[in-house]
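Text of model17.txt (compact mmCIF, C-alpha atoms) as supplied:
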```
# COMPACT_ATOMS: atom_id res chain seq x y z
CA MET K 272 121.93 57.73 136.36
CA VAL K 273 120.79 59.77 139.37
CA ASN K 274 122.49 57.28 141.67
CA GLU K 275 125.81 58.09 140.00
CA LEU K 276 125.58 61.75 141.08
CA SER K 277 127.05 62.98 144.34
CA LYS K 278 124.82 64.37 147.06
CA GLN K 279 125.76 67.96 146.15
CA GLN K 280 125.08 67.36 142.44
CA ARG K 281 121.64 65.94 143.26
CA LYS K 282 120.80 69.06 145.27
CA VAL K 283 121.84 71.29 142.38
CA LEU K 284 119.78 69.17 139.97
CA ILE K 285 116.71 69.43 142.22
CA VAL K 286 117.11 73.22 142.52
CA LEU K 287 117.40 73.53 138.73
CA VAL K 288 114.30 71.40 138.13
CA ILE K 289 112.31 73.43 140.66
CA ALA K 290 113.51 76.71 139.08
CA ILE K 291 112.49 75.51 135.61
CA LEU K 292 109.06 74.42 136.85
CA LEU K 293 108.47 77.71 138.67
CA GLY K 294 109.58 79.73 135.64
CA THR K 295 107.33 77.78 133.30
CA GLY K 296 104.40 78.14 135.69
CA ARG K 297 104.96 81.89 135.97
CA LEU K 298 105.04 82.29 132.18
CA GLY K 299 101.83 80.30 131.85
CA PHE K 300 100.14 82.32 134.58
CA SER K 301 101.16 85.66 133.07
CA ALA K 302 99.83 84.57 129.66
CA ILE K 303 96.49 83.64 131.22
CA SER K 304 96.24 86.76 133.40
CA ARG K 305 96.70 89.18 130.48
CA GLY K 306 93.05 88.75 129.60
CA ALA K 307 91.27 88.74 126.30
CA VAL K 308 92.65 90.56 123.31
CA GLU K 309 90.27 92.93 121.59
CA VAL K 310 90.02 92.25 117.88
CA HIS K 311 88.21 94.49 115.39
CA LEU K 312 87.12 92.97 112.12
CA VAL K 313 86.16 95.06 109.13
CA LYS K 314 83.66 93.63 106.71
CA PRO K 315 84.27 94.94 103.18
CA VAL K 316 81.23 96.19 101.32
CA THR K 317 80.82 95.36 97.65
CA VAL K 318 78.39 97.43 95.62
CA ALA K 319 77.12 96.14 92.31
CA TRP K 320 76.54 99.61 90.88
CA PRO K 321 77.09 103.09 92.33
CA GLY K 322 74.03 104.17 94.28
CA THR K 323 72.87 100.67 95.13
CA THR K 324 73.18 99.27 98.63
CA PRO K 325 73.02 95.80 100.12
CA ASP K 326 69.64 94.66 101.43
CA GLU K 327 70.76 94.26 105.03
CA PRO K 328 68.71 95.62 107.92
CA GLY K 329 70.28 98.69 109.49
CA PHE K 330 72.42 99.50 106.45
CA SER K 331 72.35 103.08 105.25
CA SER K 332 73.88 104.82 102.26
CA GLU K 333 75.83 107.05 104.68
CA MET K 334 77.71 103.99 105.94
CA LEU K 335 78.64 103.11 102.39
CA THR K 336 79.91 106.64 101.72
CA LEU K 337 81.98 106.68 104.89
CA SER K 338 83.52 103.25 104.39
CA THR K 339 84.32 103.99 100.75
CA ALA K 340 86.01 107.27 101.70
CA GLU K 341 88.09 105.50 104.35
CA GLN K 342 89.13 102.70 102.00
CA GLU K 343 90.24 105.01 99.18
CA PRO K 344 92.20 107.88 100.79
CA ASP K 345 94.20 108.58 97.64
CA LYS K 346 91.12 109.61 95.63
CA PRO K 347 90.15 113.26 96.17
CA LYS K 348 86.63 114.05 97.32
CA ALA K 349 84.30 115.99 95.03
CA ASP K 350 84.89 119.29 96.84
CA GLN K 351 88.70 118.92 96.77
CA GLU K 352 91.06 119.48 93.89
CA ALA K 353 93.51 116.83 92.86
CA VAL K 354 97.14 117.87 92.86
CA PRO K 355 98.65 117.54 89.38
CA SER K 356 101.41 114.97 89.29
CA THR K 357 104.26 116.63 87.47
CA GLY K 358 107.03 115.11 89.57
CA SER K 359 107.75 113.11 92.68
CA ALA K 360 107.33 116.14 94.95
CA ALA K 361 103.93 116.88 93.43
CA GLU K 362 102.97 113.20 93.66
CA ALA K 363 103.79 113.21 97.37
CA THR K 364 100.81 115.46 98.12
CA LEU K 365 97.22 114.60 97.42
CA ALA K 366 94.43 116.88 98.60
CA GLY K 367 96.66 118.25 101.33
CA ARG K 368 97.92 114.81 102.41
CA LEU K 369 101.47 113.48 102.11
CA ASP K 370 102.79 110.09 101.06
CA PRO K 371 105.74 109.46 103.41
CA ASN K 372 107.31 107.19 100.81
CA ILE K 373 108.02 110.05 98.37
CA ALA K 374 107.64 113.25 100.42
CA THR K 375 110.60 115.60 100.64
CA SER K 376 112.12 116.76 103.91
CA GLU K 377 110.46 120.17 103.51
CA GLN K 378 107.05 118.55 102.97
CA LEU K 379 107.47 116.27 106.00
CA GLN K 380 108.38 119.29 108.15
CA THR K 381 104.95 120.78 107.48
CA LEU K 382 103.44 117.99 109.59
CA PRO K 383 102.74 118.77 113.27
CA GLY K 384 105.60 117.65 115.50
CA ILE K 385 107.96 116.83 112.62
CA GLY K 386 111.12 118.91 112.47
CA PRO K 387 114.21 118.64 110.30
CA VAL K 388 115.76 115.85 112.41
CA LEU K 389 112.65 113.65 112.39
CA ALA K 390 112.07 114.32 108.68
CA ALA K 391 115.65 113.19 107.99
CA ARG K 392 115.06 110.03 110.05
CA ILE K 393 111.91 109.21 108.08
CA ILE K 394 113.74 109.64 104.77
CA ASP K 395 116.76 107.66 106.03
CA TYR K 396 114.49 104.84 107.23
CA ARG K 397 112.62 104.53 103.93
CA GLU K 398 115.91 104.57 101.98
CA THR K 399 117.58 101.91 104.12
CA VAL K 400 114.67 99.64 105.10
CA GLY K 401 112.24 100.25 102.26
CA LYS K 402 108.85 101.80 101.63
CA PHE K 403 106.24 102.17 104.33
CA VAL K 404 103.45 99.67 103.60
CA ILE K 405 101.04 100.97 106.26
CA LEU K 406 101.13 104.14 108.35
CA GLU K 407 101.92 102.11 111.49
CA ASP K 408 105.31 101.31 109.92
CA LEU K 409 106.31 104.87 110.87
CA LEU K 410 106.42 103.70 114.50
CA ALA K 411 109.73 101.98 113.65
CA VAL K 412 111.33 105.39 113.03
CA LYS K 413 113.17 106.59 116.14
CA GLY K 414 111.28 109.51 117.66
CA ILE K 415 107.83 108.59 116.31
CA GLY K 416 105.54 107.08 118.89
CA GLU K 417 101.83 106.47 119.15
CA LYS K 418 101.09 110.11 120.04
CA THR K 419 103.11 111.57 117.18
CA LEU K 420 101.57 109.12 114.72
CA ALA K 421 98.09 110.06 115.96
CA LYS K 422 98.89 113.74 115.31
CA ILE K 423 100.21 113.25 111.78
CA ARG K 424 97.92 110.41 110.63
CA PRO K 425 95.22 112.77 109.19
CA TYR K 426 97.85 114.37 106.96
CA LEU K 427 99.31 111.13 105.55
CA TYR K 428 98.33 108.42 103.09
CA ILE K 429 100.15 105.49 101.52
CA LYS K 430 99.94 105.30 97.74
CA GLU K 431 99.36 101.72 96.59
```

Whole structure given in structure tokens:
Amino acid sequence: MVNELSKQQRKVLIVLVIAILLGTGRLGFSAISRGAVEVHLVKPVTVAWPGTTPDEPGFSSEMLTLSTAEQEPDKPKADQEAVPSTGSAAEATLAGRLDPNIATSEQLQTLPGIGPVLAARIIDYRETVGKFVILEDLLAVKGIGEKTLAKIRPYLYIKE
């Protein structure tokens, strides 16, 4: 088959093969040179009865309190009052935090760095694409980057 090609066609074929090999080698090298990816695993804690803790060395009841508070952001703490849920606007706030899936434009504008335009984009995104499953889904909204999300994260929660 190669013998049937003209001299010029063989040269082009050789150049293409070399280009493909170089491109593949470069992709492989860049994948290797990126280094290791840092992965954080979270081990869930199961408690048989409130006030009991696992019998693991180095485990303290403070760790249990902190991890439980982080896992259940929609439950108000003892020193906070729960907001009565009389409608969707009232349901959007919980102990001073907003659920971006049901918050109004006015409520979203109370967040740092969120103005009327960005609030409208958040509402438009959730109406066209669907509900936010995790807070990182807000990064898909035009105008919200890592820094903005870091600023508003303490004021948000996602209702399950």

Using all atoms of region 405-417 of chain K listed in the file and a margin of 5 Å per side, can you give the axis-aligned box centre and edge lengths in Å to one decimal, as AutoDock Vina command-line options?
```
--center_x 107.1 --center_y 105.2 --center_z 112.7 --size_x 22.1 --size_y 18.5 --size_z 22.9
```

Exercise for the section: Would you mind reading off the distance between CA of Gly384 (chain K) and CA of Thr399 (chain K), one decimal, in Å? Expected result: 22.8 Å

Handout entry: For Pro371 (chain K), the nearest of the candidates K:Arg392, K:Lys422, K:Lys402, K:Arg281, counting all atoms listed in the file
Key =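 For Pro371 (chain K), the nearest of the candidates is K:Lys402.
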
Practice task
Find, counting only C-alpha atoms, the residue in K:Ile429, K:Leu293, K:Ala391, K:Val286 that gets nearest to Val412 (chain K).
Solution key: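 Of all the options, K:Ala391 lies closest to Val412 (chain K).
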
For a cut-off of 7 Å around (107.9, 106.2, 101.7), file coordinates, pick out all residues using only C-alpha atoms and list them as a compact mmCIF listing (two decimals) with C-alpha atoms, in the coordinates of the input.
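And here's point00.txt as it stands now:
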```txt
# COMPACT_ATOMS: atom_id res chain seq x y z
CA ASP K 370 102.79 110.09 101.06
CA PRO K 371 105.74 109.46 103.41
CA ASN K 372 107.31 107.19 100.81
CA ILE K 373 108.02 110.05 98.37
CA ARG K 397 112.62 104.53 103.93
CA LYS K 402 108.85 101.80 101.63
CA PHE K 403 106.24 102.17 104.33
```

Fill in the blank from the handout: Pairwise distance, CA of Gly414 (chain K) with CA of Leu389 (chain K), equals 6.8 Å

Practice task
Using all atoms listed in the file, find the one residue out of K:Ile393, K:Leu298, K:Leu427, K:Leu276 that sits nearest to Gly367 (chain K).
Solution key: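 Nearest candidate to Gly367 (chain K) out of K:Ile393, K:Leu298, K:Leu427, K:Leu276: K:Leu427.
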
Handout entry: Minimum-distance residue to Asp395 (chain K), chosen among K:Ser376, K:Leu410, K:Gly296, K:Asn274 (using only C-alpha atoms)
Key =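 Closest to Asp395 (chain K) of all the choices is K:Ser376.
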
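CA of Ile385 (chain K) lies 18.1 Å from CA of Glu398 (chain K).
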